[in-house]
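Listing of work38.pdb; format and content: PDB, C-alpha atoms.
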```pdb
ATOM      1  CA  MET A  24     -20.633   5.213 -27.596  1.00  0.00           C
ATOM      2  CA  ARG A  25     -21.265   6.765 -24.233  1.00  0.00           C
ATOM      3  CA  ASN A  26     -19.517   5.611 -21.033  1.00  0.00           C
ATOM      4  CA  GLU A  27     -22.313   3.945 -19.063  1.00  0.00           C
ATOM      5  CA  GLN A  28     -20.162   3.060 -16.068  1.00  0.00           C
ATOM      6  CA  ALA A  29     -17.362   5.234 -14.728  1.00  0.00           C
ATOM      7  CA  ALA A  30     -14.053   3.485 -14.060  1.00  0.00           C
ATOM      8  CA  GLY A  31     -14.368   4.464 -10.433  1.00  0.00           C
ATOM      9  CA  ASP A  32     -17.235   5.565  -8.234  1.00  0.00           C
ATOM     10  CA  SER A  33     -16.161   8.658  -6.273  1.00  0.00           C
ATOM     11  CA  ARG A  34     -18.424   7.670  -3.404  1.00  0.00           C
ATOM     12  CA  TYR A  35     -15.960   4.854  -2.735  1.00  0.00           C
ATOM     13  CA  ALA A  36     -12.771   6.952  -2.954  1.00  0.00           C
ATOM     14  CA  ARG A  37     -10.560   6.495   0.100  1.00  0.00           C
ATOM     15  CA  THR A  38      -8.402   8.954   2.025  1.00  0.00           C
ATOM     16  CA  GLY A  39      -5.466   8.503   4.391  1.00  0.00           C
ATOM     17  CA  LYS A  40      -7.777   8.111   7.384  1.00  0.00           C
ATOM     18  CA  ASP A  41      -8.917   4.810   5.873  1.00  0.00           C
ATOM     19  CA  GLY A  42      -5.409   3.337   5.853  1.00  0.00           C
ATOM     20  CA  ALA A  43      -3.525   1.573   8.611  1.00  0.00           C
ATOM     21  CA  PHE A  44      -0.079   0.105   9.117  1.00  0.00           C
ATOM     22  CA  TYR A  45       0.557  -2.913  11.356  1.00  0.00           C
ATOM     23  CA  ASP A  46       3.547  -4.812  12.727  1.00  0.00           C
ATOM     24  CA  GLN A  47       3.924  -8.560  12.223  1.00  0.00           C
ATOM     25  CA  ASP A  48       1.895  -9.276  15.370  1.00  0.00           C
ATOM     26  CA  GLY A  49      -1.123  -7.336  14.094  1.00  0.00           C
ATOM     27  CA  ASN A  50      -0.572  -4.311  16.333  1.00  0.00           C
ATOM     28  CA  MET A  51      -1.494  -1.052  14.616  1.00  0.00           C
ATOM     29  CA  LEU A  52       1.451   1.323  14.490  1.00  0.00           C
ATOM     30  CA  ALA A  53      -0.708   4.262  15.497  1.00  0.00           C
ATOM     31  CA  THR A  54       2.043   6.870  15.308  1.00  0.00           C
ATOM     32  CA  VAL A  55       2.770   6.184  11.622  1.00  0.00           C
ATOM     33  CA  GLU A  56       1.646   9.282   9.722  1.00  0.00           C
ATOM     34  CA  THR A  57       2.335   8.001   6.211  1.00  0.00           C
ATOM     35  CA  PHE A  58       3.475   4.816   4.539  1.00  0.00           C
ATOM     36  CA  THR A  59       4.256   4.083   0.914  1.00  0.00           C
ATOM     37  CA  SER A  60       5.233   0.895  -0.860  1.00  0.00           C
ATOM     38  CA  ASN A  61       6.667   0.771  -4.370  1.00  0.00           C
ATOM     39  CA  VAL A  62       7.909  -1.819  -6.798  1.00  0.00           C
ATOM     40  CA  SER A  63      10.460  -0.943  -9.471  1.00  0.00           C
ATOM     41  CA  PHE A  64      11.258  -3.195 -12.408  1.00  0.00           C
ATOM     42  CA  ASN A  65      14.643  -3.575 -14.085  1.00  0.00           C
ATOM     43  CA  ASN A  66      14.285  -5.183 -17.484  1.00  0.00           C
ATOM     44  CA  ALA A  67      17.040  -6.560 -19.684  1.00  0.00           C
ATOM     45  CA  GLN A  68      17.221  -4.626 -22.940  1.00  0.00           C
ATOM     46  CA  TYR A  69      18.102  -6.270 -26.243  1.00  0.00           C
ATOM     47  CA  GLN A  70      17.935  -5.654 -29.961  1.00  0.00           C
ATOM     48  CA  VAL A  71      17.797  -8.361 -32.586  1.00  0.00           C
ATOM     49  CA  LEU A  72      19.426  -8.205 -36.003  1.00  0.00           C
ATOM     50  CA  GLY A  73      17.250  -6.648 -38.664  1.00  0.00           C
ATOM     51  CA  ASP A  74      14.936  -4.943 -36.147  1.00  0.00           C
ATOM     52  CA  ALA A  75      15.434  -1.251 -35.354  1.00  0.00           C
ATOM     53  CA  GLN A  76      13.207  -1.478 -32.297  1.00  0.00           C
ATOM     54  CA  GLU A  77      14.750  -2.044 -28.877  1.00  0.00           C
ATOM     55  CA  HIS A  78      13.021  -4.703 -26.774  1.00  0.00           C
ATOM     56  CA  GLU A  79      12.921  -5.586 -23.086  1.00  0.00           C
ATOM     57  CA  ALA A  80      12.538  -8.830 -21.204  1.00  0.00           C
ATOM     58  CA  PRO A  81      11.601  -9.050 -17.532  1.00  0.00           C
ATOM     59  CA  ASN A  82      14.670  -9.320 -15.320  1.00  0.00           C
ATOM     60  CA  THR A  83      14.473  -8.166 -11.693  1.00  0.00           C
ATOM     61  CA  PHE A  84      12.221  -6.176  -9.397  1.00  0.00           C
ATOM     62  CA  LYS A  85      12.752  -4.344  -6.122  1.00  0.00           C
ATOM     63  CA  VAL A  86      10.128  -3.553  -3.468  1.00  0.00           C
ATOM     64  CA  THR A  87      10.647  -0.643  -1.077  1.00  0.00           C
ATOM     65  CA  LEU A  88       8.622   0.558   1.868  1.00  0.00           C
ATOM     66  CA  THR A  89       8.825   3.988   3.505  1.00  0.00           C
ATOM     67  CA  MET A  90       7.025   5.361   6.530  1.00  0.00           C
ATOM     68  CA  SER A  91       7.051   8.529   8.541  1.00  0.00           C
ATOM     69  CA  GLN A  92       6.466   8.106  12.240  1.00  0.00           C
ATOM     70  CA  VAL A  93       5.401  10.847  14.645  1.00  0.00           C
ATOM     71  CA  VAL A  94       7.755  10.665  17.637  1.00  0.00           C
ATOM     72  CA  VAL A  95       5.626  10.395  20.764  1.00  0.00           C
ATOM     73  CA  GLU A  96       7.875   8.054  22.710  1.00  0.00           C
ATOM     74  CA  ASP A  97      10.699   5.710  21.827  1.00  0.00           C
ATOM     75  CA  ASP A  98       9.414   2.367  20.662  1.00  0.00           C
ATOM     76  CA  ARG A  99      10.726  -1.083  19.873  1.00  0.00           C
ATOM     77  CA  PHE A 100      11.717  -0.119  16.311  1.00  0.00           C
ATOM     78  CA  ILE A 101      14.178   2.591  17.319  1.00  0.00           C
ATOM     79  CA  ASP A 102      15.353   0.410  20.222  1.00  0.00           C
ATOM     80  CA  GLU A 103      16.059  -2.521  17.875  1.00  0.00           C
ATOM     81  CA  LEU A 104      17.728  -0.237  15.327  1.00  0.00           C
ATOM     82  CA  MET A 105      20.012   1.396  17.907  1.00  0.00           C
ATOM     83  CA  LYS A 106      20.950  -2.000  19.359  1.00  0.00           C
ATOM     84  CA  SER A 107      21.760  -3.269  15.855  1.00  0.00           C
ATOM     85  CA  LEU A 108      24.257  -0.448  15.358  1.00  0.00           C
ATOM     86  CA  TYR A 109      26.318  -1.930  18.199  1.00  0.00           C
ATOM     87  CA  THR A 110      25.820  -5.608  17.383  1.00  0.00           C
ATOM     88  CA  GLN A 111      26.093  -4.989  13.618  1.00  0.00           C
ATOM     89  CA  ILE A 112      23.244  -7.442  13.096  1.00  0.00           C
ATOM     90  CA  MET A 113      20.504  -5.502  11.335  1.00  0.00           C
ATOM     91  CA  PRO A 114      16.885  -6.007  12.397  1.00  0.00           C
ATOM     92  CA  VAL A 115      14.357  -7.707  10.130  1.00  0.00           C
ATOM     93  CA  TRP A 116      10.654  -6.832  10.335  1.00  0.00           C
ATOM     94  CA  ASN A 117       7.383  -7.889   8.704  1.00  0.00           C
ATOM     95  CA  PHE A 118       4.625  -5.310   8.175  1.00  0.00           C
ATOM     96  CA  GLN A 119       1.051  -5.183   6.906  1.00  0.00           C
ATOM     97  CA  GLY A 120      -0.566  -2.284   5.082  1.00  0.00           C
ATOM     98  CA  SER A 121      -4.343  -1.988   5.066  1.00  0.00           C
ATOM     99  CA  LEU A 122      -6.943   0.162   3.309  1.00  0.00           C
ATOM    100  CA  LEU A 123     -10.562  -0.073   4.478  1.00  0.00           C
ATOM    101  CA  GLY A 124     -13.370   0.447   1.955  1.00  0.00           C
ATOM    102  CA  ARG A 125     -16.744   2.063   2.619  1.00  0.00           C
ATOM    103  CA  ASN A 126     -18.426  -1.325   2.245  1.00  0.00           C
ATOM    104  CA  ASN A 127     -16.072  -2.926   4.797  1.00  0.00           C
ATOM    105  CA  SER A 128     -13.975  -4.564   2.093  1.00  0.00           C
ATOM    106  CA  GLU A 129     -10.278  -4.314   2.846  1.00  0.00           C
ATOM    107  CA  GLU A 130      -7.102  -4.310   0.824  1.00  0.00           C
ATOM    108  CA  ARG A 131      -4.356  -5.898   2.917  1.00  0.00           C
ATOM    109  CA  ILE A 132      -0.770  -6.531   1.834  1.00  0.00           C
ATOM    110  CA  THR A 133       1.961  -8.194   3.906  1.00  0.00           C
ATOM    111  CA  TYR A 134       5.579  -7.072   3.437  1.00  0.00           C
ATOM    112  CA  TYR A 135       8.120  -9.708   4.499  1.00  0.00           C
ATOM    113  CA  GLU A 136      11.733  -9.480   5.630  1.00  0.00           C
ATOM    114  CA  CYS A 137      11.960  -5.673   5.669  1.00  0.00           C
ATOM    115  CA  ILE A 138      15.398  -4.308   6.515  1.00  0.00           C
ATOM    116  CA  PRO A 139      16.519  -0.697   6.936  1.00  0.00           C
ATOM    117  CA  SER A 140      17.742   0.688   3.617  1.00  0.00           C
ATOM    118  CA  GLY A 141      19.165   4.077   2.738  1.00  0.00           C
ATOM    119  CA  GLN A 142      18.595   6.833   5.249  1.00  0.00           C
ATOM    120  CA  VAL A 143      16.680   6.390   8.517  1.00  0.00           C
ATOM    121  CA  ASP A 144      16.133   9.376  10.823  1.00  0.00           C
ATOM    122  CA  LEU A 145      17.520   8.981  14.319  1.00  0.00           C
ATOM    123  CA  GLN A 146      16.412  12.483  15.323  1.00  0.00           C
ATOM    124  CA  ASN A 147      14.762  15.012  13.010  1.00  0.00           C
ATOM    125  CA  VAL A 148      13.870  18.176  14.919  1.00  0.00           C
ATOM    126  CA  ALA A 149      12.738  21.526  13.484  1.00  0.00           C
ATOM    127  CA  VAL A 150      11.271  24.562  15.250  1.00  0.00           C
ATOM    128  CA  GLY A 151       7.497  24.808  14.831  1.00  0.00           C
ATOM    129  CA  ASP A 152       7.061  21.296  13.449  1.00  0.00           C
ATOM    130  CA  VAL A 153       5.984  17.961  14.896  1.00  0.00           C
ATOM    131  CA  VAL A 154       9.008  15.713  15.429  1.00  0.00           C
ATOM    132  CA  LYS A 155       8.957  12.809  12.967  1.00  0.00           C
ATOM    133  CA  ARG A 156      11.199   9.896  12.163  1.00  0.00           C
ATOM    134  CA  ASN A 157      11.432   8.795   8.533  1.00  0.00           C
ATOM    135  CA  TRP A 158      12.133   5.146   7.794  1.00  0.00           C
ATOM    136  CA  ASN A 159      13.187   3.468   4.537  1.00  0.00           C
ATOM    137  CA  PHE A 160      13.090  -0.292   4.075  1.00  0.00           C
ATOM    138  CA  HIS A 161      14.024  -2.817   1.423  1.00  0.00           C
ATOM    139  CA  VAL A 162      11.520  -5.685   1.242  1.00  0.00           C
ATOM    140  CA  ASN A 163      13.507  -8.905   0.763  1.00  0.00           C
ATOM    141  CA  LYS A 164      10.618 -11.254   0.055  1.00  0.00           C
ATOM    142  CA  ALA A 165       7.815 -10.605  -2.433  1.00  0.00           C
ATOM    143  CA  PRO A 166       4.802  -8.957  -0.780  1.00  0.00           C
ATOM    144  CA  LYS A 167       1.602 -10.950  -0.560  1.00  0.00           C
ATOM    145  CA  LEU A 168      -1.852  -9.567  -1.337  1.00  0.00           C
ATOM    146  CA  LEU A 169      -4.111 -11.032   1.352  1.00  0.00           C
ATOM    147  CA  GLN A 170      -7.390  -9.271   0.538  1.00  0.00           C
ATOM    148  CA  ASN A 171      -8.729  -7.115  -2.294  1.00  0.00           C
ATOM    149  CA  LEU A 172     -10.608  -3.853  -2.011  1.00  0.00           C
ATOM    150  CA  TYR A 173     -13.813  -3.992  -4.075  1.00  0.00           C
ATOM    151  CA  VAL A 174     -16.916  -1.990  -4.887  1.00  0.00           C
ATOM    152  CA  ASP A 175     -20.401  -3.535  -4.935  1.00  0.00           C
ATOM    153  CA  ARG A 176     -21.873  -2.890  -8.382  1.00  0.00           C
ATOM    154  CA  GLY A 177     -25.609  -3.358  -7.967  1.00  0.00           C
TER     155      GLY A 177
END
```

Step by step, read the file and then write its structure as structure tokens.
Amino acid sequence: MRNEQAAGDSRYARTGKDGAFYDQDGNMLATVETFTSNVSFNNAQYQVLGDAQEHEAPNTFKVTLTMSQVVVEDDRFIDELMKSLYTQIMPVWNFQGSLLGRNNSEERITYYECIPSGQVDLQNVAVGDVVKRNWNFHVNKAPKLLQNLYVDRG
């Protein structure tokens, strides 16, 4: 049998210029160069008597969010982070990631209760390179898919 319909239509493939990253108020974070969200699953492993195969059952998951920000000027995120180092009360943020399709469909996901996790760059300066600040977050509430990206199949 011949494949009559490709799994994806390359005319609808998206690039980084079609993505956007927003704060909780809907303001585009225009200096964000990249953002990535991931979910990792930790399953409970078990083996039953008389069965040589190891099995897994769903247990926990963890969502992380990373972004790299081009440093143009100090903004509220670095201000809130620096203040939190003194108060020892860590900031909590909500973000939205968006990907715009050629047909004006949009994939939009909201990430709730994001807190700094792991390493966050305070200053990252290298000769001959644009100054960037890398951020790592743990997402403490399950993300919510608000809209799906789709392709019109006519």

Name the residues that the PyMOL selection byres ((chain A and resi 63) around 9) pulls out of this structure, and write them as a VMD selection string. chain A and resid 61 to 62 64 to 65 83 to 87

Writing out the chosen residues with C-alpha atoms as a PDB file, in the frame of the given file:
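Output (part09.pdb):
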```
ATOM      1  CA  ASN A  61       6.667   0.771  -4.370  1.00  0.00           C
ATOM      2  CA  VAL A  62       7.909  -1.819  -6.798  1.00  0.00           C
ATOM      3  CA  PHE A  64      11.258  -3.195 -12.408  1.00  0.00           C
ATOM      4  CA  ASN A  65      14.643  -3.575 -14.085  1.00  0.00           C
ATOM      5  CA  THR A  83      14.473  -8.166 -11.693  1.00  0.00           C
ATOM      6  CA  PHE A  84      12.221  -6.176  -9.397  1.00  0.00           C
ATOM      7  CA  LYS A  85      12.752  -4.344  -6.122  1.00  0.00           C
ATOM      8  CA  VAL A  86      10.128  -3.553  -3.468  1.00  0.00           C
ATOM      9  CA  THR A  87      10.647  -0.643  -1.077  1.00  0.00           C
TER      10      THR A  87
END
```

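If you measure from each of A:Ser60, A:Leu145, A:Tyr135, A:Gln68 to Asp102 of chain A using all atoms listed in the file, the closest one turns out to be A:Leu145.
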
Please indicate the distance in Å from atom CA of Pro81 of chain A to atom CA of Ala67 of chain A, rounded to one decimal place. 6.4 Å

So which residues touch segment 158-170 of chain A within 9 Å, counting all atoms listed in the file, skipping near sequence neighbours fewer than 5 positions away, as number ranges by chain? A: 85-92, 117, 128-144

Need the shell around Asp48 of chain A: protein/DNA/RNA residues with any atom at most 12 Å away, counting all atoms listed in the file. Skip same-chain ones fewer than 3 positions apart. Format as a ChimeraX atom specification? /A:44-45,51-52,116-119,133

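Atom pair atom CA of Gly49 of chain A / atom CA of Leu108 of chain A: separated by 26.3 Å.
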
What does the distance between atom CA of Gly42 of chain A and atom CA of Pro114 of chain A come to in Å, to one decimal place?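 Distance between the two atoms: 25.0 Å.
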
Take the PyMOL selection byres ((chain A and resi 173) around 8), run it mentally on this structure, and tell me the resulting residues as JSON, numbers by chain. {"A": [124, 128, 129, 171, 172, 174, 175]}
